[in-house]
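A.B. asks: Enclosed is the structure file run.cif (mmCIF, C-alpha atoms and all ligand atoms).
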data_start
#
loop_
_atom_site.group_PDB
_atom_site.id
_atom_site.type_symbol
_atom_site.label_atom_id
_atom_site.label_comp_id
_atom_site.auth_asym_id
_atom_site.auth_seq_id
_atom_site.Cartn_x
_atom_site.Cartn_y
_atom_site.Cartn_z
ATOM 1 C CA MET A 22 -2.556 -8.205 -25.183
ATOM 2 C CA ALA A 23 -1.858 -4.488 -25.024
ATOM 3 C CA ASP A 24 -5.182 -3.975 -23.295
ATOM 4 C CA PHE A 25 -4.355 -6.688 -20.820
ATOM 5 C CA VAL A 26 -1.035 -5.151 -19.979
ATOM 6 C CA SER A 27 -2.249 -1.565 -19.775
ATOM 7 C CA SER A 28 -5.379 -2.391 -17.815
ATOM 8 C CA THR A 29 -3.808 -4.715 -15.297
ATOM 9 C CA PHE A 30 -0.290 -3.400 -15.028
ATOM 10 C CA SER A 31 -0.322 0.269 -15.879
ATOM 11 C CA ARG A 32 2.872 2.044 -15.032
ATOM 12 C CA ARG A 33 1.161 3.988 -12.276
ATOM 13 C CA ARG A 34 -0.151 0.840 -10.710
ATOM 14 C CA PHE A 35 3.175 -0.864 -11.150
ATOM 15 C CA LEU A 36 4.978 1.916 -9.306
ATOM 16 C CA ARG A 37 2.445 1.721 -6.505
ATOM 17 C CA ALA A 38 3.076 -2.008 -6.351
ATOM 18 C CA VAL A 39 6.806 -1.433 -6.170
ATOM 19 C CA ALA A 40 6.335 1.055 -3.365
ATOM 20 C CA VAL A 41 4.541 -1.626 -1.397
ATOM 21 C CA ALA A 42 7.022 -4.301 -2.350
ATOM 22 C CA VAL A 43 10.097 -2.453 -1.179
ATOM 23 C CA ALA A 44 8.880 -2.077 2.369
ATOM 24 C CA PRO A 45 11.836 -2.143 4.768
ATOM 25 C CA VAL A 46 13.640 -5.447 4.715
ATOM 26 C CA SER A 47 17.252 -5.736 5.725
ATOM 27 C CA PHE A 48 19.648 -7.757 3.698
ATOM 28 C CA LEU A 49 22.918 -9.390 4.613
ATOM 29 C CA ALA A 50 24.438 -8.870 1.236
ATOM 30 C CA ARG A 51 23.698 -7.555 -2.174
ATOM 31 C CA VAL A 52 25.276 -8.843 -5.312
ATOM 32 C CA ARG A 53 25.602 -7.286 -8.663
ATOM 33 C CA ALA A 54 24.142 -9.429 -11.365
ATOM 34 C CA THR A 55 23.469 -8.971 -15.013
ATOM 35 C CA LEU A 56 19.762 -8.966 -15.738
ATOM 36 C CA GLY A 57 18.594 -8.292 -19.257
ATOM 37 C CA GLY A 58 21.760 -6.421 -20.084
ATOM 38 C CA GLU A 59 21.396 -4.083 -17.111
ATOM 39 C CA ILE A 60 23.718 -4.180 -14.146
ATOM 40 C CA GLU A 61 21.345 -4.399 -11.251
ATOM 41 C CA ARG A 62 21.553 -4.985 -7.536
ATOM 42 C CA VAL A 63 19.821 -8.140 -6.456
ATOM 43 C CA GLU A 64 18.955 -9.062 -2.918
ATOM 44 C CA LEU A 65 20.946 -12.079 -1.865
ATOM 45 C CA GLU A 66 20.153 -12.998 1.686
ATOM 46 C CA PRO A 67 17.761 -11.700 4.293
ATOM 47 C CA THR A 68 19.554 -10.978 7.547
ATOM 48 C CA PRO A 69 18.879 -13.353 10.375
ATOM 49 C CA ALA A 70 19.460 -11.539 13.637
ATOM 50 C CA ALA A 71 22.154 -13.126 15.786
ATOM 51 C CA GLY A 72 20.904 -16.398 17.165
ATOM 52 C CA GLU A 73 17.746 -16.306 15.080
ATOM 53 C CA GLU A 74 16.735 -18.246 12.016
ATOM 54 C CA LEU A 75 14.909 -17.167 8.909
ATOM 55 C CA LYS A 76 11.208 -17.848 8.672
ATOM 56 C CA LEU A 77 10.483 -20.822 6.476
ATOM 57 C CA THR A 78 8.614 -20.195 3.244
ATOM 58 C CA PRO A 79 5.039 -21.206 4.037
ATOM 59 C CA GLU A 80 3.407 -24.163 2.386
ATOM 60 C CA GLU A 81 0.332 -23.746 0.210
ATOM 61 C CA THR A 82 -2.040 -26.147 -1.470
ATOM 62 C CA THR A 83 -0.944 -27.795 -4.695
ATOM 63 C CA GLY A 84 -4.310 -27.086 -6.301
ATOM 64 C CA PRO A 85 -5.950 -29.116 -9.039
ATOM 65 C CA PHE A 86 -3.749 -28.122 -11.973
ATOM 66 C CA PHE A 87 -0.363 -29.639 -11.152
ATOM 67 C CA GLN A 88 0.951 -32.164 -13.640
ATOM 68 C CA PRO A 89 3.987 -34.367 -12.936
ATOM 69 C CA ASN A 90 6.935 -34.949 -15.243
ATOM 70 C CA SER A 91 7.309 -31.376 -16.428
ATOM 71 C CA PRO A 92 10.250 -30.795 -18.783
ATOM 72 C CA LEU A 93 13.567 -29.219 -17.800
ATOM 73 C CA LYS A 94 12.791 -25.625 -18.786
ATOM 74 C CA ASN A 95 13.323 -22.148 -17.333
ATOM 75 C CA ASN A 96 12.016 -20.172 -20.293
ATOM 76 C CA PHE A 97 8.243 -20.362 -20.691
ATOM 77 C CA CYS A 98 8.144 -17.622 -23.364
ATOM 78 C CA GLU A 99 7.588 -20.034 -26.197
ATOM 79 C CA PRO A 100 5.499 -19.619 -29.347
ATOM 80 C CA GLY A 101 1.813 -19.701 -28.442
ATOM 81 C CA VAL A 102 2.276 -18.479 -24.876
ATOM 82 C CA ASN A 103 0.320 -15.269 -24.306
ATOM 83 C CA GLY A 104 1.132 -12.766 -21.609
ATOM 84 C CA ALA A 105 3.355 -9.891 -20.550
ATOM 85 C CA PRO A 106 6.994 -11.029 -20.178
ATOM 86 C CA ILE A 107 8.554 -11.094 -16.736
ATOM 87 C CA ASN A 108 11.679 -12.575 -15.179
ATOM 88 C CA VAL A 109 11.192 -14.309 -11.851
ATOM 89 C CA THR A 110 14.414 -14.723 -9.925
ATOM 90 C CA GLY A 111 15.883 -15.158 -6.468
ATOM 91 C CA PHE A 112 17.722 -17.569 -4.238
ATOM 92 C CA VAL A 113 16.950 -20.717 -2.332
ATOM 93 C CA LEU A 114 18.238 -20.345 1.228
ATOM 94 C CA ASP A 115 18.381 -22.448 4.344
ATOM 95 C CA ARG A 116 17.209 -21.154 7.708
ATOM 96 C CA ARG A 117 20.598 -19.635 8.425
ATOM 97 C CA GLY A 118 20.465 -17.608 5.196
ATOM 98 C CA LYS A 119 22.962 -19.798 3.356
ATOM 99 C CA SER A 120 22.221 -20.358 -0.316
ATOM 100 C CA VAL A 121 21.324 -23.900 -1.339
ATOM 101 C CA PRO A 122 22.468 -25.140 -4.756
ATOM 102 C CA GLY A 123 20.886 -28.030 -6.633
ATOM 103 C CA VAL A 124 17.330 -27.506 -5.396
ATOM 104 C CA LEU A 125 14.659 -28.694 -7.810
ATOM 105 C CA LEU A 126 12.096 -25.958 -8.569
ATOM 106 C CA ASP A 127 9.043 -27.028 -10.545
ATOM 107 C CA PHE A 128 6.911 -24.063 -11.673
ATOM 108 C CA TRP A 129 3.454 -24.154 -13.219
ATOM 109 C CA HIS A 130 0.960 -21.384 -13.805
ATOM 110 C CA ALA A 131 -1.840 -20.065 -15.975
ATOM 111 C CA ASP A 132 -0.848 -18.174 -19.116
ATOM 112 C CA GLY A 133 -1.692 -14.530 -19.685
ATOM 113 C CA ASN A 134 -5.257 -15.496 -20.542
ATOM 114 C CA GLY A 135 -5.713 -17.303 -17.230
ATOM 115 C CA GLU A 136 -5.594 -20.729 -18.863
ATOM 116 C CA TYR A 137 -3.587 -23.776 -17.813
ATOM 117 C CA ASP A 138 -2.225 -26.169 -20.414
ATOM 118 C CA PHE A 139 -3.642 -29.644 -19.782
ATOM 119 C CA HIS A 140 -2.400 -31.177 -23.015
ATOM 120 C CA GLY A 141 1.224 -30.113 -22.987
ATOM 121 C CA PHE A 142 3.674 -28.212 -20.856
ATOM 122 C CA ARG A 143 3.132 -24.561 -21.693
ATOM 123 C CA CYS A 144 3.998 -22.572 -18.543
ATOM 124 C CA ARG A 145 5.197 -25.753 -16.861
ATOM 125 C CA GLY A 146 8.830 -26.670 -16.279
ATOM 126 C CA HIS A 147 11.458 -27.545 -13.730
ATOM 127 C CA GLN A 148 15.008 -26.350 -13.104
ATOM 128 C CA SER A 149 17.669 -26.598 -10.411
ATOM 129 C CA SER A 150 19.090 -23.747 -8.377
ATOM 130 C CA ASP A 151 22.636 -22.999 -9.550
ATOM 131 C CA SER A 152 25.898 -23.193 -7.625
ATOM 132 C CA ASN A 153 24.979 -19.917 -5.878
ATOM 133 C CA GLY A 154 21.510 -21.144 -4.984
ATOM 134 C CA ARG A 155 19.970 -18.908 -7.591
ATOM 135 C CA TYR A 156 17.036 -19.655 -9.875
ATOM 136 C CA THR A 157 15.693 -17.668 -12.829
ATOM 137 C CA LEU A 158 12.445 -18.188 -14.707
ATOM 138 C CA LYS A 159 11.666 -16.255 -17.859
ATOM 139 C CA THR A 160 7.916 -16.328 -18.208
ATOM 140 C CA VAL A 161 4.752 -14.221 -18.440
ATOM 141 C CA LEU A 162 2.477 -12.587 -15.918
ATOM 142 C CA PRO A 163 -0.167 -15.158 -15.092
ATOM 143 C CA GLY A 164 -3.693 -14.184 -16.060
ATOM 144 C CA LEU A 165 -6.650 -14.290 -13.716
ATOM 145 C CA TYR A 166 -9.126 -17.142 -13.532
ATOM 146 C CA PRO A 167 -12.302 -17.439 -11.466
ATOM 147 C CA GLY A 168 -11.855 -17.617 -7.711
ATOM 148 C CA ARG A 169 -8.162 -16.787 -7.557
ATOM 149 C CA THR A 170 -5.895 -13.780 -7.492
ATOM 150 C CA ARG A 171 -2.821 -13.633 -9.729
ATOM 151 C CA HIS A 172 -0.307 -16.330 -8.723
ATOM 152 C CA TYR A 173 2.390 -18.821 -9.654
ATOM 153 C CA HIS A 174 2.632 -22.357 -8.297
ATOM 154 C CA VAL A 175 5.958 -23.937 -7.424
ATOM 155 C CA ARG A 176 7.262 -27.083 -5.767
ATOM 156 C CA LEU A 177 10.771 -27.139 -4.355
ATOM 157 C CA GLN A 178 12.886 -30.037 -3.197
ATOM 158 C CA ALA A 179 16.488 -30.077 -2.027
ATOM 159 C CA ALA A 180 18.442 -33.288 -2.501
ATOM 160 C CA ASN A 181 16.928 -35.848 -0.137
ATOM 161 C CA GLY A 182 14.762 -33.130 1.367
ATOM 162 C CA PRO A 183 11.006 -32.853 1.736
ATOM 163 C CA ILE A 184 8.885 -31.266 -0.969
ATOM 164 C CA LEU A 185 7.722 -27.720 -0.320
ATOM 165 C CA THR A 186 4.681 -26.745 -2.364
ATOM 166 C CA THR A 187 3.800 -23.070 -2.367
ATOM 167 C CA GLN A 188 2.547 -20.150 -4.438
ATOM 168 C CA LEU A 189 3.797 -16.659 -5.248
ATOM 169 C CA TYR A 190 1.634 -13.541 -5.377
ATOM 170 C CA PHE A 191 1.858 -10.030 -6.796
ATOM 171 C CA PRO A 192 1.609 -6.772 -4.850
ATOM 172 C CA GLY A 193 -1.193 -4.344 -5.589
ATOM 173 C CA GLU A 194 -3.663 -6.917 -6.900
ATOM 174 C CA GLU A 195 -7.290 -6.129 -6.178
ATOM 175 C CA ARG A 196 -8.130 -9.790 -5.700
ATOM 176 C CA ASN A 197 -5.431 -10.489 -3.116
ATOM 177 C CA ASP A 198 -7.675 -9.692 -0.173
ATOM 178 C CA LYS A 199 -10.522 -11.748 -1.592
ATOM 179 C CA ASP A 200 -8.455 -14.910 -2.140
ATOM 180 C CA SER A 201 -8.405 -17.103 0.974
ATOM 181 C CA LEU A 202 -5.113 -18.669 -0.121
ATOM 182 C CA PHE A 203 -3.312 -15.335 -0.470
ATOM 183 C CA ARG A 204 -0.479 -14.646 1.963
ATOM 184 C CA ALA A 205 1.442 -11.398 2.158
ATOM 185 C CA ASP A 206 4.634 -13.284 3.018
ATOM 186 C CA LEU A 207 4.488 -14.906 -0.428
ATOM 187 C CA LEU A 208 4.497 -11.603 -2.327
ATOM 188 C CA VAL A 209 7.215 -11.140 -4.912
ATOM 189 C CA LYS A 210 9.104 -7.851 -5.070
ATOM 190 C CA LEU A 211 8.442 -6.228 -8.418
ATOM 191 C CA ARG A 212 10.839 -3.946 -10.244
ATOM 192 C CA GLU A 213 10.980 -2.523 -13.719
ATOM 193 C CA ILE A 214 14.243 -1.951 -15.531
ATOM 194 C CA LYS A 215 13.560 -0.112 -18.757
ATOM 195 C CA GLU A 216 10.886 -2.262 -20.383
ATOM 196 C CA GLU A 217 11.710 -5.370 -18.385
ATOM 197 C CA ARG A 218 9.739 -6.571 -15.362
ATOM 198 C CA ILE A 219 11.561 -8.493 -12.670
ATOM 199 C CA ALA A 220 9.908 -10.336 -9.818
ATOM 200 C CA ASN A 221 12.180 -11.318 -6.948
ATOM 201 C CA PHE A 222 11.510 -13.914 -4.284
ATOM 202 C CA ASN A 223 13.869 -15.841 -2.016
ATOM 203 C CA PHE A 224 12.693 -19.225 -0.765
ATOM 204 C CA VAL A 225 13.730 -20.498 2.670
ATOM 205 C CA LEU A 226 13.770 -24.262 3.114
ATOM 206 C CA ALA A 227 14.040 -26.352 6.230
ATOM 207 C CA GLY A 228 16.946 -28.734 6.703
HETATM 208 FE FE FE A 301 -3.520 -21.836 -9.938
#
Represent the supplied structure as structure tokens.

C.D. replies:
Amino acid sequence: MADFVSSTFSRRRFLRAVAVAVAPVSFLARVRATLGGEIERVELEPTPAAGEELKLTPEETTGPFFQPNSPLKNNFCEPGVNGAPINVTGFVLDRRGKSVPGVLLDFWHADGNGEYDFHGFRCRGHQSSDSNGRYTLKTVLPGLYPGRTRHYHVRLQAANGPILTTQLYFPGEERNDKDSLFRADLLVKLREIKEERIANFNFVLAG
């Protein structure tokens, strides 16, 4: 485990990743939120220019490892789950930048060893965005498996809305450029507060 963390997410590499991740993006508002006991500023809404709409979160393939009927769960750090802890958080927004509560988010991903659970629901679970449109997933960094860069899978669905299936990626990964599914507009923003890693991504849904 320690080798995994130090070799794939050394502090130096992490800081380089952060430098990439915080490329200029303007935000309509910032809110103060409590994350892991630290008061931290969290991006709330990208700023749509007057008369413009936000770009929709792009769709990506579901892949072969999705399993339906995942449990209600936003903490994947259960006994037997290997990997470096990370909190994934953000908001679900509509095209005008308004937060959308009650959106179903169903996450699934490989554990820190790059293995999916096909017998149970390790690293699989769904939740709903809260009254502020916010979601939070406590999980681990997904490990690598052949043919793919590091990624999470997620399906989102607002009430009576269409399903959006997509994936999230990590900045600074050597395999990003070699993975044909990789998209830079699906990169999370990575930060480190003391010993805690936080990945931030805001989804934008149609409708
Ligand atoms: Fe996958």

A.B. asks: To check your reading of the model: which residues sit at most 8 Å from ligand FE 301 (chain A) when counting only C-alpha atoms and all ligand atoms? Write the answer as a tab-separated table (two decimals) with C-alpha atoms, in the coordinates of the input.

C.D. replies:
chain	number	residue	atom	x	y	z
A	84	GLY	CA	-4.31	-27.09	-6.30
A	85	PRO	CA	-5.95	-29.12	-9.04
A	86	PHE	CA	-3.75	-28.12	-11.97
A	130	HIS	CA	0.96	-21.38	-13.80
A	131	ALA	CA	-1.84	-20.07	-15.98
A	169	ARG	CA	-8.16	-16.79	-7.56
A	172	HIS	CA	-0.31	-16.33	-8.72
A	173	TYR	CA	2.39	-18.82	-9.65
A	174	HIS	CA	2.63	-22.36	-8.30

A.B. asks: Report the residues retrieved by the PyMOL selection byres (((chain A and resi 161) around 7) and not hetatm) from the displayed file, expressed as a PyMOL selection string.

C.D. replies: chain A and resi 98+104-107+132-133+160+162-163

A.B. asks: Can you give me, as a PyMOL selection string, the residues this file yields under the PyMOL selection byres (((chain A and resi 184-191) around 6) and not hetatm)?

C.D. replies: chain A and resi 80-81+172-178+183+192+207-209

A.B. asks: Within 12 Å of Ser149 in chain A, counting only C-alpha atoms, which residues show up once you throw out same-chain ones fewer than 3 positions away? Write them as a PyMOL selection string, please.

C.D. replies: chain A and resi 92-95+112-113+121-128+146+152-158+176-180

A.B. asks: One decimal, in Å: what's the spacing between CA of Arg212 in chain A and CA of Asn134 in chain A?

C.D. replies: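 Those two atoms sit 22.3 Å apart.
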
A.B. asks: Which residues would end up in the selection if the PyMOL selection byres (((chain A and resi 223) around 7) and not hetatm) were applied here, given that I need the answer as a PyMOL selection string?

C.D. replies: chain A and resi 111-113+221-222+224-225

A.B. asks: Could those residues be written to a file, using C-alpha atoms, as a PDB file, in the frame of the given file?

C.D. replies:
ATOM      1  CA  GLY A 111      15.883 -15.158  -6.468  1.00  0.00           C
ATOM      2  CA  PHE A 112      17.722 -17.569  -4.238  1.00  0.00           C
ATOM      3  CA  VAL A 113      16.950 -20.717  -2.332  1.00  0.00           C
ATOM      4  CA  ASN A 221      12.180 -11.318  -6.948  1.00  0.00           C
ATOM      5  CA  PHE A 222      11.510 -13.914  -4.284  1.00  0.00           C
ATOM      6  CA  PHE A 224      12.693 -19.225  -0.765  1.00  0.00           C
ATOM      7  CA  VAL A 225      13.730 -20.498   2.670  1.00  0.00           C
TER       8      VAL A 225
END

A.B. asks: Mind giving me the straight-line distance from CA of Thr110 in chain A to CA of Leu211 in chain A in Å, one decimal?

C.D. replies: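 About the pair CA of Thr110 in chain A and CA of Leu211 in chain A: they are 10.5 Å apart.
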
A.B. asks: Nearest residue to Tyr137 in chain A out of A:Asn96, A:Asn181, A:Gln88, A:Thr82, using only C-alpha atoms?

C.D. replies: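 Nearest to Tyr137 in chain A: A:Gln88.
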
A.B. asks: Let me have the centre and edge lengths in Å, one decimal, of the box along x, y and z around every listed atom of range 93-111 of chain A with 4 Å of margin on each side, as AutoDock Vina command-line options.

C.D. replies:
--center_x 8.1 --center_y -19.6 --center_z -17.9 --size_x 23.6 --size_y 27.3 --size_z 30.9

A.B. asks: Would you mind reading off the distance between CA of Ser120 in chain A and CA of Asp206 in chain A, one decimal, in Å?

C.D. replies: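 Computing the Euclidean distance for CA of Ser120 in chain A and CA of Asp206 in chain A yields 19.2 Å.
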
A.B. asks: Under the rule that all atoms listed in the file are counted, which of A:Glu73, A:Asp115, A:Asp198, A:Asp138 is the nearest residue to Gly101 in chain A?

C.D. replies: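 Of A:Glu73, A:Asp115, A:Asp198, A:Asp138, the one nearest Gly101 in chain A is A:Asp138, counting all atoms listed in the file.
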
A.B. asks: Of the residues A:Gly118, A:Pro100, A:Gly72, A:Pro79, which is the one nearest to Arg143 in chain A, using all atoms listed in the file?

C.D. replies: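 Going through A:Gly118, A:Pro100, A:Gly72, A:Pro79 one by one, the smallest distance to Arg143 in chain A is for A:Pro100.
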
A.B. asks: Would you mind telling me which residue in A:Gly135, A:Tyr166, A:Val109, A:Leu226 lies nearest to Leu75 in chain A when using only C-alpha atoms?

C.D. replies: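 Answer, going by the shortest atom-to-atom distance: A:Leu226.
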
A.B. asks: Find the residue from A:Gly164, A:Gly228, A:Gly182, A:Gly193 that sits nearest to Lys210 in chain A; use only C-alpha atoms when measuring.

C.D. replies: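 The closest residue to Lys210 in chain A is A:Gly193.
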